[in-house]
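As provided, work.cif (mmCIF, N, CA and C atoms) reads as follows.
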data_work
loop_
_atom_site.label_atom_id
_atom_site.label_comp_id
_atom_site.auth_asym_id
_atom_site.auth_seq_id
_atom_site.Cartn_x
_atom_site.Cartn_y
_atom_site.Cartn_z
N MET A 28 -56.94 2.94 128.85
CA MET A 28 -58.23 2.44 128.44
C MET A 28 -58.82 3.37 127.39
N PRO A 29 -59.31 2.83 126.28
CA PRO A 29 -59.87 3.68 125.22
C PRO A 29 -61.11 4.45 125.71
N LYS A 30 -61.16 5.72 125.35
CA LYS A 30 -62.32 6.56 125.65
C LYS A 30 -62.91 7.00 124.31
N HIS A 31 -64.13 6.57 124.05
CA HIS A 31 -64.80 6.83 122.77
C HIS A 31 -65.77 8.00 122.92
N GLU A 32 -65.85 8.81 121.88
CA GLU A 32 -66.76 9.95 121.88
C GLU A 32 -67.86 9.73 120.85
N TYR A 33 -69.09 10.05 121.26
CA TYR A 33 -70.26 9.89 120.39
C TYR A 33 -71.09 11.17 120.41
N SER A 34 -71.76 11.42 119.33
CA SER A 34 -72.73 12.49 119.25
C SER A 34 -74.11 11.82 119.27
N VAL A 35 -74.92 12.19 120.26
CA VAL A 35 -76.24 11.58 120.42
C VAL A 35 -77.28 12.70 120.47
N GLU A 36 -78.30 12.59 119.65
CA GLU A 36 -79.34 13.62 119.57
C GLU A 36 -80.22 13.55 120.83
N MET A 37 -79.79 14.25 121.88
CA MET A 37 -80.51 14.28 123.15
C MET A 37 -81.06 15.68 123.36
N THR A 38 -82.33 15.77 123.76
CA THR A 38 -82.95 17.08 123.95
C THR A 38 -83.43 17.30 125.38
N CYS A 39 -83.44 16.25 126.21
CA CYS A 39 -83.98 16.40 127.57
C CYS A 39 -83.36 15.36 128.51
N GLU A 40 -83.71 15.46 129.78
CA GLU A 40 -83.22 14.52 130.78
C GLU A 40 -83.67 13.08 130.47
N GLY A 41 -84.84 12.95 129.88
CA GLY A 41 -85.33 11.62 129.51
C GLY A 41 -84.42 10.96 128.48
N CYS A 42 -83.94 11.78 127.55
CA CYS A 42 -83.01 11.26 126.53
C CYS A 42 -81.71 10.80 127.16
N SER A 43 -81.14 11.62 128.03
CA SER A 43 -79.88 11.24 128.67
C SER A 43 -80.11 10.05 129.61
N GLY A 44 -81.31 9.96 130.19
CA GLY A 44 -81.64 8.81 131.04
C GLY A 44 -81.67 7.52 130.25
N ALA A 45 -82.15 7.59 129.01
CA ALA A 45 -82.17 6.40 128.15
C ALA A 45 -80.75 5.94 127.84
N VAL A 46 -79.84 6.90 127.60
CA VAL A 46 -78.44 6.56 127.34
C VAL A 46 -77.83 5.92 128.58
N THR A 47 -78.11 6.49 129.75
CA THR A 47 -77.60 5.93 131.00
C THR A 47 -78.07 4.48 131.18
N ARG A 48 -79.34 4.24 130.92
CA ARG A 48 -79.90 2.89 131.10
C ARG A 48 -79.22 1.85 130.20
N VAL A 49 -79.06 2.17 128.91
CA VAL A 49 -78.46 1.17 128.01
C VAL A 49 -77.00 0.92 128.35
N LEU A 50 -76.29 1.95 128.82
CA LEU A 50 -74.89 1.76 129.17
C LEU A 50 -74.73 0.99 130.47
N LYS A 51 -75.61 1.25 131.44
CA LYS A 51 -75.53 0.53 132.72
C LYS A 51 -75.87 -0.95 132.54
N LYS A 52 -76.70 -1.27 131.56
CA LYS A 52 -77.04 -2.67 131.29
C LYS A 52 -75.82 -3.49 130.85
N GLN A 53 -74.76 -2.81 130.44
CA GLN A 53 -73.55 -3.51 129.98
C GLN A 53 -72.70 -4.00 131.14
N GLY A 54 -73.04 -3.61 132.35
CA GLY A 54 -72.30 -4.07 133.52
C GLY A 54 -70.85 -3.63 133.48
N ASP A 55 -69.95 -4.58 133.75
CA ASP A 55 -68.53 -4.23 133.83
C ASP A 55 -67.86 -4.10 132.46
N LYS A 56 -68.61 -4.27 131.39
CA LYS A 56 -68.04 -4.05 130.06
C LYS A 56 -67.79 -2.56 129.80
N VAL A 57 -68.57 -1.72 130.48
CA VAL A 57 -68.39 -0.27 130.39
C VAL A 57 -67.79 0.19 131.71
N THR A 58 -66.55 0.69 131.65
CA THR A 58 -65.84 1.11 132.85
C THR A 58 -66.37 2.42 133.38
N ASN A 59 -66.61 3.36 132.48
CA ASN A 59 -67.06 4.69 132.89
C ASN A 59 -67.71 5.37 131.69
N PHE A 60 -68.64 6.28 131.98
CA PHE A 60 -69.21 7.09 130.90
C PHE A 60 -69.62 8.45 131.43
N ASP A 61 -69.65 9.41 130.52
CA ASP A 61 -70.00 10.78 130.87
C ASP A 61 -70.93 11.31 129.79
N ILE A 62 -72.03 11.92 130.21
CA ILE A 62 -73.02 12.45 129.27
C ILE A 62 -73.07 13.97 129.42
N ASN A 63 -72.93 14.68 128.30
CA ASN A 63 -73.07 16.13 128.29
C ASN A 63 -74.30 16.46 127.45
N LEU A 64 -75.40 16.71 128.14
CA LEU A 64 -76.67 16.96 127.46
C LEU A 64 -76.62 18.23 126.61
N ASP A 65 -75.98 19.29 127.12
CA ASP A 65 -75.93 20.56 126.39
C ASP A 65 -75.22 20.44 125.04
N SER A 66 -74.10 19.72 125.02
CA SER A 66 -73.35 19.57 123.77
C SER A 66 -73.71 18.29 123.02
N LYS A 67 -74.63 17.50 123.59
CA LYS A 67 -75.11 16.25 122.97
C LYS A 67 -73.96 15.27 122.73
N GLN A 68 -73.05 15.21 123.70
CA GLN A 68 -71.90 14.31 123.62
C GLN A 68 -71.99 13.24 124.68
N VAL A 69 -71.52 12.06 124.31
CA VAL A 69 -71.41 10.94 125.26
C VAL A 69 -70.00 10.38 125.13
N PHE A 70 -69.32 10.25 126.26
CA PHE A 70 -67.98 9.66 126.30
C PHE A 70 -68.07 8.34 127.04
N VAL A 71 -67.52 7.29 126.46
CA VAL A 71 -67.61 5.95 127.05
C VAL A 71 -66.21 5.33 127.11
N GLU A 72 -65.85 4.84 128.30
CA GLU A 72 -64.59 4.12 128.48
C GLU A 72 -64.89 2.64 128.59
N SER A 73 -64.22 1.85 127.75
CA SER A 73 -64.40 0.40 127.77
C SER A 73 -63.22 -0.28 127.12
N SER A 74 -62.73 -1.31 127.78
CA SER A 74 -61.69 -2.12 127.14
C SER A 74 -62.29 -3.41 126.59
N ALA A 75 -63.55 -3.69 126.95
CA ALA A 75 -64.22 -4.92 126.51
C ALA A 75 -65.02 -4.74 125.23
N LEU A 76 -65.41 -3.50 124.92
CA LEU A 76 -66.26 -3.24 123.76
C LEU A 76 -65.55 -2.33 122.77
N SER A 77 -65.75 -2.58 121.49
CA SER A 77 -65.17 -1.72 120.46
C SER A 77 -66.05 -0.48 120.29
N GLY A 78 -65.52 0.50 119.59
CA GLY A 78 -66.28 1.70 119.29
C GLY A 78 -67.56 1.40 118.54
N GLU A 79 -67.49 0.46 117.61
CA GLU A 79 -68.69 0.06 116.84
C GLU A 79 -69.72 -0.64 117.72
N GLU A 80 -69.26 -1.49 118.63
CA GLU A 80 -70.18 -2.18 119.53
C GLU A 80 -70.91 -1.19 120.43
N ILE A 81 -70.18 -0.21 120.94
CA ILE A 81 -70.81 0.81 121.79
C ILE A 81 -71.80 1.62 120.97
N LEU A 82 -71.46 1.93 119.72
CA LEU A 82 -72.37 2.67 118.84
C LEU A 82 -73.69 1.92 118.70
N GLU A 83 -73.63 0.62 118.47
CA GLU A 83 -74.86 -0.18 118.32
C GLU A 83 -75.68 -0.17 119.61
N ILE A 84 -75.01 -0.19 120.75
CA ILE A 84 -75.70 -0.14 122.05
C ILE A 84 -76.41 1.21 122.19
N LEU A 85 -75.72 2.30 121.87
CA LEU A 85 -76.31 3.63 121.99
C LEU A 85 -77.48 3.82 121.03
N LYS A 86 -77.43 3.19 119.86
CA LYS A 86 -78.53 3.30 118.90
C LYS A 86 -79.82 2.68 119.42
N LYS A 87 -79.70 1.77 120.41
CA LYS A 87 -80.89 1.15 120.99
C LYS A 87 -81.79 2.16 121.70
N THR A 88 -81.27 3.36 121.97
CA THR A 88 -82.08 4.40 122.59
C THR A 88 -83.09 4.98 121.61
N GLY A 89 -82.88 4.74 120.31
CA GLY A 89 -83.76 5.31 119.30
C GLY A 89 -83.35 6.71 118.90
N LYS A 90 -82.27 7.22 119.48
CA LYS A 90 -81.78 8.56 119.16
C LYS A 90 -80.76 8.48 118.03
N ALA A 91 -80.72 9.51 117.21
CA ALA A 91 -79.71 9.58 116.15
C ALA A 91 -78.34 9.65 116.83
N THR A 92 -77.47 8.72 116.46
CA THR A 92 -76.17 8.58 117.12
C THR A 92 -75.08 8.40 116.08
N SER A 93 -73.95 9.06 116.32
CA SER A 93 -72.80 8.87 115.43
C SER A 93 -71.53 8.78 116.28
N TYR A 94 -70.58 8.04 115.76
CA TYR A 94 -69.29 7.85 116.41
C TYR A 94 -68.37 8.98 115.98
N VAL A 95 -67.85 9.74 116.94
CA VAL A 95 -66.95 10.84 116.64
C VAL A 95 -65.52 10.33 116.54
N GLY A 96 -65.12 9.47 117.47
CA GLY A 96 -63.77 8.91 117.47
C GLY A 96 -63.24 8.78 118.88
N LEU A 97 -61.96 8.48 118.97
CA LEU A 97 -61.33 8.37 120.28
C LEU A 97 -61.14 9.76 120.86
N ALA A 98 -61.51 9.91 122.12
CA ALA A 98 -61.44 11.23 122.77
C ALA A 98 -60.06 11.49 123.32
#

As structure tokens, what does this structure read like?
Amino acid sequence: MPKHEYSVEMTCEGCSGAVTRVLKKQGDKVTNFDINLDSKQVFVESSALSGEEILEILKKTGKATSYVGLA
């Protein structure tokens, strides 16, 4: 299953909470995700969504987000 890496400008628990909320709203389209607040990284596993689709979902948080690539 593809694991995508993103850089998300997160500075607090509220920021990472926003990322968690938008990813959980995807239901079973997102298999797993991991958020590292210290390094401002988000890893998302999904076979239903492309890297670009996940990027657009993460941008809904209002945080500066960029796609790093496959992890």

**OP:** Identify which of the residues A:Val46, A:His31, A:Phe60, A:Ala91 lies closest to Gly78 of chain A, counting only N, CA and C atoms when measuring atom-to-atom distances.
**Re:**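 So, comparing all the options, the nearest one is A:His31.
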
**OP:** Would you list the contacts of Thr88 of chain A as a ChimeraX atom specification, taking every protein, DNA or RNA residue within 12 Å and counting only C-alpha atoms, but skipping same-chain residues closer than 6 positions in sequence?
**Re:** /A:35-37,41-50,81-82

Original post:
When the PyMOL selection byres ((chain A and resi 72) around 6.5) is applied to the file above, which residues end up in the set, as a PyMOL selection string?
Top reply: chain A and resi 28-31+56-61+70-71+73-74

Please enumerate the residues selected by the PyMOL selection byres ((chain A and resi 94) around 6) when evaluated against the supplied file, formatted as a CSV table (one decimal) with N, CA and C atoms, in the frame of the given file.
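Done, and the output landed in part.csv:
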chain,number,residue,atom,x,y,z
A,32,GLU,N,-65.8,8.8,121.9
A,32,GLU,CA,-66.8,10.0,121.9
A,32,GLU,C,-67.9,9.7,120.8
A,33,TYR,N,-69.1,10.0,121.3
A,33,TYR,CA,-70.3,9.9,120.4
A,33,TYR,C,-71.1,11.2,120.4
A,34,SER,N,-71.8,11.4,119.3
A,34,SER,CA,-72.7,12.5,119.2
A,34,SER,C,-74.1,11.8,119.3
A,92,THR,N,-77.5,8.7,116.5
A,92,THR,CA,-76.2,8.6,117.1
A,92,THR,C,-75.1,8.4,116.1
A,93,SER,N,-74.0,9.1,116.3
A,93,SER,CA,-72.8,8.9,115.4
A,93,SER,C,-71.5,8.8,116.3
A,95,VAL,N,-67.8,9.7,116.9
A,95,VAL,CA,-67.0,10.8,116.6
A,95,VAL,C,-65.5,10.3,116.5
A,96,GLY,N,-65.1,9.5,117.5
A,96,GLY,CA,-63.8,8.9,117.5
A,96,GLY,C,-63.2,8.8,118.9

Original post:
Using only C-alpha atoms, which residue out of A:Gly89, A:Ile62, A:Gln53, A:Thr38 lies closest to Leu76 of chain A?
Top reply: A:Gln53

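In this structure, atom CA of Asp65 of chain A sits 15.5 Å away from atom C of Lys90 of chain A.
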
Subject >> Backbone DSSP call of helix (DSSP H, G or I) for chain A, listed as JSON, numbers by chain >> reply: {"A": [40, 41, 42, 43, 44, 45, 46, 47, 48, 49, 50, 51, 54, 55, 56, 78, 79, 80, 81, 82, 83, 84, 85, 86]}
